[in-house]
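Dropping start_25.cif in here (mmCIF, N, CA and C atoms):
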data_start
#
loop_
_atom_site.label_atom_id
_atom_site.label_comp_id
_atom_site.auth_asym_id
_atom_site.auth_seq_id
_atom_site.Cartn_x
_atom_site.Cartn_y
_atom_site.Cartn_z
N MET T 1 -21.95 6.56 7.69
CA MET T 1 -22.62 5.76 6.70
C MET T 1 -23.02 4.44 7.34
N SER T 2 -24.24 3.99 7.06
CA SER T 2 -24.69 2.72 7.62
C SER T 2 -25.44 1.96 6.55
N GLY T 3 -25.82 0.75 6.88
CA GLY T 3 -26.56 -0.07 5.94
C GLY T 3 -25.65 -0.71 4.90
N PRO T 4 -26.23 -1.06 3.73
CA PRO T 4 -25.49 -1.79 2.71
C PRO T 4 -24.28 -1.02 2.16
N GLU T 5 -24.37 0.30 2.09
CA GLU T 5 -23.26 1.09 1.56
C GLU T 5 -22.00 0.95 2.41
N ALA T 6 -22.17 0.93 3.72
CA ALA T 6 -21.02 0.84 4.63
C ALA T 6 -20.35 -0.53 4.52
N ALA T 7 -21.11 -1.55 4.16
CA ALA T 7 -20.57 -2.90 4.12
C ALA T 7 -19.84 -3.21 2.81
N LYS T 8 -19.95 -2.38 1.81
CA LYS T 8 -19.32 -2.66 0.53
C LYS T 8 -17.80 -2.68 0.68
N ILE T 9 -17.22 -3.60 -0.05
CA ILE T 9 -15.76 -3.75 -0.04
C ILE T 9 -15.30 -3.80 -1.48
N VAL T 10 -14.20 -3.10 -1.78
CA VAL T 10 -13.61 -3.13 -3.11
C VAL T 10 -12.44 -4.10 -3.05
N TYR T 11 -12.42 -5.06 -3.98
CA TYR T 11 -11.37 -6.07 -4.02
C TYR T 11 -10.35 -5.73 -5.10
N HIS T 12 -9.08 -5.86 -4.77
CA HIS T 12 -8.01 -5.66 -5.73
C HIS T 12 -7.17 -6.93 -5.76
N ARG T 13 -6.98 -7.48 -6.96
CA ARG T 13 -6.13 -8.65 -7.12
C ARG T 13 -4.75 -8.19 -7.55
N LEU T 14 -3.73 -8.73 -6.91
CA LEU T 14 -2.36 -8.35 -7.22
C LEU T 14 -1.57 -9.58 -7.64
N ARG T 15 -0.62 -9.37 -8.52
CA ARG T 15 0.35 -10.39 -8.88
C ARG T 15 1.71 -9.74 -8.72
N LEU T 16 2.45 -10.20 -7.73
CA LEU T 16 3.72 -9.57 -7.35
C LEU T 16 4.89 -10.51 -7.60
N ASN T 17 6.06 -9.92 -7.85
CA ASN T 17 7.26 -10.74 -7.89
C ASN T 17 7.74 -10.95 -6.45
N ASP T 18 8.78 -11.76 -6.29
CA ASP T 18 9.25 -12.09 -4.94
C ASP T 18 9.70 -10.86 -4.16
N GLU T 19 10.38 -9.92 -4.82
CA GLU T 19 10.86 -8.72 -4.14
C GLU T 19 9.69 -7.86 -3.66
N ALA T 20 8.70 -7.66 -4.51
CA ALA T 20 7.54 -6.86 -4.13
C ALA T 20 6.76 -7.53 -3.00
N PHE T 21 6.62 -8.85 -3.07
CA PHE T 21 5.94 -9.57 -2.00
C PHE T 21 6.68 -9.41 -0.68
N ALA T 22 8.00 -9.53 -0.73
CA ALA T 22 8.81 -9.36 0.49
C ALA T 22 8.65 -7.97 1.08
N ILE T 23 8.50 -6.96 0.23
CA ILE T 23 8.29 -5.59 0.70
C ILE T 23 6.97 -5.49 1.47
N THR T 24 5.92 -6.14 0.95
CA THR T 24 4.63 -6.09 1.65
C THR T 24 4.71 -6.79 2.99
N VAL T 25 5.38 -7.94 3.02
CA VAL T 25 5.50 -8.71 4.28
C VAL T 25 6.29 -7.90 5.31
N ARG T 26 7.39 -7.28 4.88
CA ARG T 26 8.22 -6.50 5.79
C ARG T 26 7.45 -5.30 6.34
N ALA T 27 6.68 -4.65 5.48
CA ALA T 27 5.92 -3.48 5.92
C ALA T 27 4.82 -3.87 6.91
N ILE T 28 4.14 -4.98 6.66
CA ILE T 28 3.11 -5.44 7.60
C ILE T 28 3.77 -5.76 8.94
N GLY T 29 4.93 -6.39 8.92
CA GLY T 29 5.65 -6.69 10.15
C GLY T 29 6.07 -5.44 10.89
N THR T 30 6.58 -4.47 10.16
CA THR T 30 7.01 -3.20 10.76
C THR T 30 5.84 -2.49 11.43
N LEU T 31 4.72 -2.40 10.72
CA LEU T 31 3.55 -1.74 11.30
C LEU T 31 3.00 -2.53 12.49
N SER T 32 3.03 -3.85 12.40
CA SER T 32 2.56 -4.68 13.52
C SER T 32 3.40 -4.44 14.77
N LEU T 33 4.71 -4.38 14.59
CA LEU T 33 5.59 -4.12 15.73
C LEU T 33 5.35 -2.73 16.31
N ALA T 34 5.12 -1.75 15.45
CA ALA T 34 4.90 -0.37 15.91
C ALA T 34 3.56 -0.24 16.64
N SER T 35 2.53 -0.92 16.14
CA SER T 35 1.19 -0.79 16.74
C SER T 35 0.96 -1.79 17.87
N ARG T 36 1.85 -2.78 17.95
CA ARG T 36 1.75 -3.84 18.95
C ARG T 36 0.47 -4.65 18.81
N LYS T 37 0.04 -4.83 17.55
CA LYS T 37 -1.08 -5.73 17.23
C LYS T 37 -0.84 -6.25 15.82
N TYR T 38 -1.45 -7.37 15.49
CA TYR T 38 -1.29 -7.93 14.16
C TYR T 38 -1.99 -7.04 13.15
N GLU T 39 -1.26 -6.65 12.14
CA GLU T 39 -1.81 -5.82 11.07
C GLU T 39 -1.97 -6.67 9.81
N THR T 40 -2.71 -6.14 8.86
CA THR T 40 -2.93 -6.79 7.56
C THR T 40 -2.54 -5.81 6.47
N LEU T 41 -2.51 -6.29 5.25
CA LEU T 41 -2.23 -5.39 4.13
C LEU T 41 -3.32 -4.31 4.06
N ALA T 42 -4.55 -4.69 4.30
CA ALA T 42 -5.65 -3.71 4.28
C ALA T 42 -5.50 -2.66 5.37
N SER T 43 -5.11 -3.09 6.58
CA SER T 43 -4.96 -2.10 7.65
C SER T 43 -3.76 -1.20 7.40
N LEU T 44 -2.71 -1.74 6.78
CA LEU T 44 -1.54 -0.93 6.42
C LEU T 44 -1.93 0.14 5.40
N VAL T 45 -2.64 -0.26 4.36
CA VAL T 45 -3.07 0.69 3.32
C VAL T 45 -3.99 1.74 3.93
N THR T 46 -4.91 1.33 4.77
CA THR T 46 -5.80 2.28 5.43
C THR T 46 -5.01 3.26 6.29
N HIS T 47 -4.07 2.75 7.06
CA HIS T 47 -3.24 3.61 7.91
C HIS T 47 -2.51 4.67 7.08
N VAL T 48 -1.85 4.26 6.01
CA VAL T 48 -1.08 5.20 5.20
C VAL T 48 -2.00 6.20 4.50
N CYS T 49 -3.05 5.71 3.87
CA CYS T 49 -3.94 6.59 3.10
C CYS T 49 -4.67 7.61 3.97
N GLU T 50 -4.93 7.24 5.22
CA GLU T 50 -5.62 8.16 6.11
C GLU T 50 -4.67 9.03 6.92
N THR T 51 -3.37 8.73 6.88
CA THR T 51 -2.38 9.47 7.67
C THR T 51 -1.58 10.45 6.84
N TYR T 52 -1.24 10.09 5.62
CA TYR T 52 -0.32 10.90 4.81
C TYR T 52 -1.06 11.78 3.82
N GLU T 53 -0.87 13.08 3.95
CA GLU T 53 -1.44 14.05 3.02
C GLU T 53 -0.53 14.25 1.80
N ILE T 54 0.77 14.03 2.01
CA ILE T 54 1.74 14.09 0.91
C ILE T 54 2.56 12.81 0.95
N ILE T 55 3.09 12.44 -0.20
CA ILE T 55 3.88 11.22 -0.29
C ILE T 55 5.35 11.58 -0.08
N PRO T 56 6.02 10.94 0.86
CA PRO T 56 7.43 11.23 1.08
C PRO T 56 8.27 10.92 -0.17
N GLN T 57 9.14 11.84 -0.52
CA GLN T 57 9.99 11.67 -1.71
C GLN T 57 10.85 10.42 -1.60
N SER T 58 11.28 10.08 -0.41
CA SER T 58 12.12 8.89 -0.23
C SER T 58 11.35 7.62 -0.63
N ALA T 59 10.06 7.57 -0.33
CA ALA T 59 9.25 6.40 -0.70
C ALA T 59 9.05 6.35 -2.22
N LEU T 60 8.85 7.50 -2.84
CA LEU T 60 8.73 7.54 -4.31
C LEU T 60 10.02 7.07 -4.96
N LYS T 61 11.14 7.51 -4.41
CA LYS T 61 12.45 7.10 -4.94
C LYS T 61 12.63 5.59 -4.81
N ASP T 62 12.25 5.04 -3.65
CA ASP T 62 12.33 3.59 -3.46
C ASP T 62 11.45 2.85 -4.47
N LEU T 63 10.24 3.34 -4.67
CA LEU T 63 9.32 2.70 -5.61
C LEU T 63 9.90 2.70 -7.02
N LEU T 64 10.41 3.84 -7.44
CA LEU T 64 10.94 3.95 -8.79
C LEU T 64 12.19 3.10 -8.99
N SER T 65 12.89 2.79 -7.92
CA SER T 65 14.10 1.97 -8.03
C SER T 65 13.79 0.48 -8.20
N LEU T 66 12.54 0.09 -7.99
CA LEU T 66 12.19 -1.33 -8.03
C LEU T 66 12.11 -1.91 -9.44
N GLY T 67 11.76 -1.11 -10.42
CA GLY T 67 11.53 -1.67 -11.76
C GLY T 67 10.19 -2.41 -11.78
N LYS T 68 10.13 -3.46 -12.57
CA LYS T 68 8.87 -4.21 -12.69
C LYS T 68 8.60 -4.98 -11.41
N THR T 69 7.35 -4.98 -10.99
CA THR T 69 6.98 -5.64 -9.74
C THR T 69 6.00 -6.77 -9.93
N GLY T 70 5.53 -6.99 -11.15
CA GLY T 70 4.59 -8.07 -11.42
C GLY T 70 5.26 -9.42 -11.37
N GLY T 71 4.49 -10.44 -10.98
CA GLY T 71 5.06 -11.77 -10.90
C GLY T 71 4.02 -12.82 -10.60
N ASP T 72 4.46 -13.92 -10.01
CA ASP T 72 3.61 -15.08 -9.79
C ASP T 72 2.94 -15.15 -8.42
N VAL T 73 3.33 -14.27 -7.50
CA VAL T 73 2.75 -14.31 -6.16
C VAL T 73 1.40 -13.58 -6.19
N LYS T 74 0.35 -14.29 -5.82
CA LYS T 74 -0.99 -13.70 -5.83
C LYS T 74 -1.31 -13.15 -4.45
N ALA T 75 -1.86 -11.96 -4.44
CA ALA T 75 -2.29 -11.33 -3.19
C ALA T 75 -3.61 -10.62 -3.47
N PHE T 76 -4.40 -10.47 -2.44
CA PHE T 76 -5.69 -9.80 -2.56
C PHE T 76 -5.78 -8.73 -1.50
N LEU T 77 -6.31 -7.61 -1.89
CA LEU T 77 -6.53 -6.51 -0.95
C LEU T 77 -8.01 -6.18 -0.95
N ARG T 78 -8.57 -6.16 0.24
CA ARG T 78 -9.97 -5.76 0.41
C ARG T 78 -9.98 -4.38 1.05
N VAL T 79 -10.46 -3.41 0.32
CA VAL T 79 -10.52 -2.04 0.82
C VAL T 79 -11.97 -1.73 1.19
N PRO T 80 -12.23 -1.51 2.47
CA PRO T 80 -13.60 -1.16 2.87
C PRO T 80 -14.05 0.13 2.20
N ASN T 81 -15.33 0.23 1.94
CA ASN T 81 -15.88 1.41 1.27
C ASN T 81 -15.50 2.69 2.00
N ALA T 82 -15.44 2.63 3.33
CA ALA T 82 -15.10 3.83 4.11
C ALA T 82 -13.68 4.30 3.84
N THR T 83 -12.80 3.41 3.40
CA THR T 83 -11.40 3.75 3.13
C THR T 83 -11.16 4.04 1.65
N GLN T 84 -12.07 3.64 0.79
CA GLN T 84 -11.86 3.72 -0.65
C GLN T 84 -11.57 5.16 -1.13
N ALA T 85 -12.24 6.14 -0.59
CA ALA T 85 -12.01 7.54 -1.02
C ALA T 85 -10.59 7.97 -0.68
N ALA T 86 -10.11 7.61 0.50
CA ALA T 86 -8.74 7.94 0.89
C ALA T 86 -7.74 7.21 -0.01
N PHE T 87 -8.03 5.97 -0.35
CA PHE T 87 -7.16 5.20 -1.23
C PHE T 87 -7.11 5.82 -2.62
N GLU T 88 -8.24 6.23 -3.13
CA GLU T 88 -8.29 6.88 -4.46
C GLU T 88 -7.53 8.20 -4.45
N ARG T 89 -7.64 8.96 -3.37
CA ARG T 89 -6.88 10.21 -3.25
C ARG T 89 -5.39 9.93 -3.25
N PHE T 90 -4.98 8.89 -2.51
CA PHE T 90 -3.58 8.50 -2.46
C PHE T 90 -3.09 8.06 -3.84
N ARG T 91 -3.91 7.27 -4.54
CA ARG T 91 -3.55 6.83 -5.90
C ARG T 91 -3.39 8.02 -6.82
N ALA T 92 -4.25 9.01 -6.71
CA ALA T 92 -4.16 10.20 -7.55
C ALA T 92 -2.86 10.96 -7.27
N LEU T 93 -2.50 11.07 -5.99
CA LEU T 93 -1.22 11.73 -5.64
C LEU T 93 -0.04 10.98 -6.25
N GLY T 94 -0.08 9.67 -6.17
CA GLY T 94 0.99 8.86 -6.74
C GLY T 94 1.06 8.97 -8.24
N ALA T 95 -0.09 8.94 -8.90
CA ALA T 95 -0.12 9.06 -10.36
C ALA T 95 0.40 10.41 -10.81
N GLU T 96 0.11 11.44 -10.03
CA GLU T 96 0.61 12.78 -10.32
C GLU T 96 2.14 12.82 -10.25
N ALA T 97 2.69 12.11 -9.31
CA ALA T 97 4.14 12.11 -9.11
C ALA T 97 4.87 11.15 -10.05
N VAL T 98 4.26 10.00 -10.35
CA VAL T 98 4.95 8.95 -11.11
C VAL T 98 4.53 8.94 -12.58
N GLY T 99 3.27 9.17 -12.85
CA GLY T 99 2.79 9.13 -14.23
C GLY T 99 1.78 8.01 -14.43
N PRO T 100 1.44 7.74 -15.69
CA PRO T 100 0.37 6.79 -16.00
C PRO T 100 0.68 5.34 -15.64
N SER T 101 1.93 5.01 -15.39
CA SER T 101 2.28 3.64 -15.01
C SER T 101 1.92 3.33 -13.56
N PHE T 102 1.46 4.33 -12.81
CA PHE T 102 1.11 4.16 -11.40
C PHE T 102 -0.31 3.63 -11.30
N ARG T 103 -0.40 2.34 -10.92
CA ARG T 103 -1.70 1.69 -10.78
C ARG T 103 -1.87 1.17 -9.36
N VAL T 104 -2.86 0.34 -9.15
CA VAL T 104 -3.14 -0.18 -7.81
C VAL T 104 -1.93 -0.90 -7.20
N PRO T 105 -1.26 -1.82 -7.91
CA PRO T 105 -0.10 -2.48 -7.27
C PRO T 105 0.97 -1.49 -6.83
N GLU T 106 1.23 -0.50 -7.64
CA GLU T 106 2.23 0.51 -7.27
C GLU T 106 1.77 1.33 -6.08
N ALA T 107 0.49 1.64 -6.00
CA ALA T 107 -0.04 2.39 -4.85
C ALA T 107 0.13 1.58 -3.56
N ILE T 108 -0.13 0.29 -3.64
CA ILE T 108 0.00 -0.56 -2.46
C ILE T 108 1.47 -0.68 -2.05
N LEU T 109 2.34 -0.88 -3.03
CA LEU T 109 3.77 -0.94 -2.71
C LEU T 109 4.28 0.37 -2.15
N LEU T 110 3.77 1.48 -2.66
CA LEU T 110 4.17 2.78 -2.12
C LEU T 110 3.74 2.92 -0.66
N CYS T 111 2.54 2.46 -0.34
CA CYS T 111 2.11 2.45 1.07
C CYS T 111 3.09 1.65 1.91
N CYS T 112 3.49 0.49 1.40
CA CYS T 112 4.42 -0.37 2.13
C CYS T 112 5.78 0.31 2.31
N LEU T 113 6.24 1.00 1.28
CA LEU T 113 7.54 1.66 1.34
C LEU T 113 7.53 2.88 2.25
N ILE T 114 6.37 3.46 2.45
CA ILE T 114 6.26 4.56 3.41
C ILE T 114 6.44 4.01 4.83
N VAL T 115 5.84 2.87 5.10
CA VAL T 115 5.94 2.26 6.42
C VAL T 115 7.32 1.65 6.66
N ALA T 116 7.88 1.01 5.63
CA ALA T 116 9.16 0.30 5.76
C ALA T 116 10.04 0.61 4.55
N PRO T 117 10.78 1.71 4.60
CA PRO T 117 11.67 2.05 3.48
C PRO T 117 12.65 0.92 3.18
N LEU T 118 13.13 0.86 1.95
CA LEU T 118 14.01 -0.22 1.53
C LEU T 118 15.25 -0.37 2.39
N ASN T 119 15.84 0.73 2.82
CA ASN T 119 17.10 0.66 3.58
C ASN T 119 16.89 0.56 5.09
N GLN T 120 15.64 0.44 5.54
CA GLN T 120 15.36 0.36 6.96
C GLN T 120 15.42 -1.08 7.45
N ARG T 121 16.01 -1.28 8.59
CA ARG T 121 16.04 -2.61 9.21
C ARG T 121 14.79 -2.79 10.05
N LEU T 122 14.39 -4.03 10.20
CA LEU T 122 13.26 -4.33 11.08
C LEU T 122 13.66 -4.01 12.52
N PRO T 123 12.73 -3.44 13.30
CA PRO T 123 13.04 -3.14 14.71
C PRO T 123 13.27 -4.40 15.51
#
Could you write out this structure as structure tokens?
Amino acid sequence: MSGPEAAKIVYHRLRLNDEAFAITVRAIGTLSLASRKYETLASLVTHVCETYEIIPQSALKDLLSLGKTGGDVKAFLRVPNATQAAFERFRALGAEAVGPSFRVPEAILLCCLIVAPLNQRLP
């Protein structure tokens, strides 16, 4: 895809509590250490959505153990148009497993929990 369509970006605004924010920071750090380059929330989501065909049960269990994740910490995710289809597929898989309460923030946290499970220590 080229031209204006390729340049489109979908923006997602998030409001996270401190625990959910810490999960995103830890996951970005874990992926950065593994890839040996600085990663972003967008690159983490792209990596997970394009790599995982099924969602690990351990990550779903971690997500469900969190309870409410909304809060005062603002975060923004820019998903390039080229990644949006993979992200939507991943969201559909999550909604199938979790139910109607699974929205964009939960999908992003699930991506983070796949990269850095709750009980995993930083390398």
Could you list, as a list in words, every residue matched by the PyMOL selection byres ((chain T and resi 62) around 8) in this structure? Pro56, Gln57, Ser58, Ala59, Leu60, Lys61, Leu63, Leu64, Ser65, Leu66, Gly67, Leu109, Leu110, Leu113, Pro117, Leu118 and Asn119 of chain T
Just give me the gap between atom CA of T:Phe87 and atom C of T:Val45 in Å, one decimal is fine. 7.0 Å
Any chance you could work out the residue set of the PyMOL selection byres ((chain T and resi 73) around 8) here, as number ranges by chain? T: 14-18, 21, 70-72, 74-76
Atomic distance atom N of T:Ile114 - atom N of T:Lys8, expressed in Å with one decimal: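 Pair atom N of T:Ile114 / atom N of T:Lys8 returns 27.0 Å.
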What does the distance between atom N of T:Ser101 and atom C of T:Glu19 come to in Å, to one decimal place?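 Result for atom N of T:Ser101 versus atom C of T:Glu19: 19.1 Å, one decimal.
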Can you turn the PyMOL selection byres (((chain T and resi 80 and name CA) around 7) and name CA) into a concrete residue list for this file, as a list in words?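 The output of the PyMOL selection byres (((chain T and resi 80 and name CA) around 7) and name CA) on this file is Lys8, Ile9, Val10, Arg78, Val79, Asn81, Ala82, Thr83 and Gln84 of chain T.
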Pull the helix (DSSP H, G or I) assignments for chain T out of DSSP run on the backbone, and list those residues as a VMD selection string. chain T and resid 4 to 7 18 to 35 41 to 51 57 to 65 81 to 98 104 to 115
Apply DSSP to the structure's backbone, then extract all residues of stretch 18-114 of chain T labelled strand (DSSP E) and return them as a PDB file with N, CA and C atoms, keeping the file's coordinate frame.
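New file out25.pdb:
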ATOM      1  N   VAL T  73       3.330 -14.270  -7.500  1.00  0.00           N
ATOM      2  CA  VAL T  73       2.750 -14.310  -6.160  1.00  0.00           C
ATOM      3  C   VAL T  73       1.400 -13.580  -6.190  1.00  0.00           C
ATOM      4  N   LYS T  74       0.350 -14.290  -5.820  1.00  0.00           N
ATOM      5  CA  LYS T  74      -0.990 -13.700  -5.830  1.00  0.00           C
ATOM      6  C   LYS T  74      -1.310 -13.150  -4.450  1.00  0.00           C
ATOM      7  N   ALA T  75      -1.860 -11.960  -4.440  1.00  0.00           N
ATOM      8  CA  ALA T  75      -2.290 -11.330  -3.190  1.00  0.00           C
ATOM      9  C   ALA T  75      -3.610 -10.620  -3.470  1.00  0.00           C
ATOM     10  N   PHE T  76      -4.400 -10.470  -2.440  1.00  0.00           N
ATOM     11  CA  PHE T  76      -5.690  -9.800  -2.560  1.00  0.00           C
ATOM     12  C   PHE T  76      -5.780  -8.730  -1.500  1.00  0.00           C
ATOM     13  N   LEU T  77      -6.310  -7.610  -1.890  1.00  0.00           N
ATOM     14  CA  LEU T  77      -6.530  -6.510  -0.950  1.00  0.00           C
ATOM     15  C   LEU T  77      -8.010  -6.180  -0.950  1.00  0.00           C
ATOM     16  N   ARG T  78      -8.570  -6.160   0.240  1.00  0.00           N
ATOM     17  CA  ARG T  78      -9.970  -5.760   0.410  1.00  0.00           C
ATOM     18  C   ARG T  78      -9.980  -4.380   1.050  1.00  0.00           C
ATOM     19  N   VAL T  79     -10.460  -3.410   0.320  1.00  0.00           N
ATOM     20  CA  VAL T  79     -10.520  -2.040   0.820  1.00  0.00           C
ATOM     21  C   VAL T  79     -11.970  -1.730   1.190  1.00  0.00           C
ATOM     22  N   PRO T  80     -12.230  -1.510   2.470  1.00  0.00           N
ATOM     23  CA  PRO T  80     -13.600  -1.160   2.870  1.00  0.00           C
ATOM     24  C   PRO T  80     -14.050   0.130   2.200  1.00  0.00           C
TER      25      PRO T  80
END
4 Å per side around stretch 55-64 of chain T: axis-aligned box centre and edge lengths, as AutoDock Vina command-line options:
--center_x 7.9 --center_y 7.6 --center_z -4.0 --size_x 17.5 --size_y 17.7 --size_z 18.1
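Each of T:Thr40, T:Thr51, T:Ser35, T:Thr69 was checked against T:Pro105 using all atoms listed in the file; the smallest atom-to-atom distance is that of T:Thr69.
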So which one's closest to T:Ala107, T:Arg13, T:Gln120, T:His47, T:Phe90? Using only N, CA and C atoms, please. T:Phe90
Proximity to T:Val104 - best of T:Ala116, T:Ala92, T:Ile55, T:Val25, only C-alpha atoms: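 Of all the options, T:Ala92 lies closest to T:Val104.
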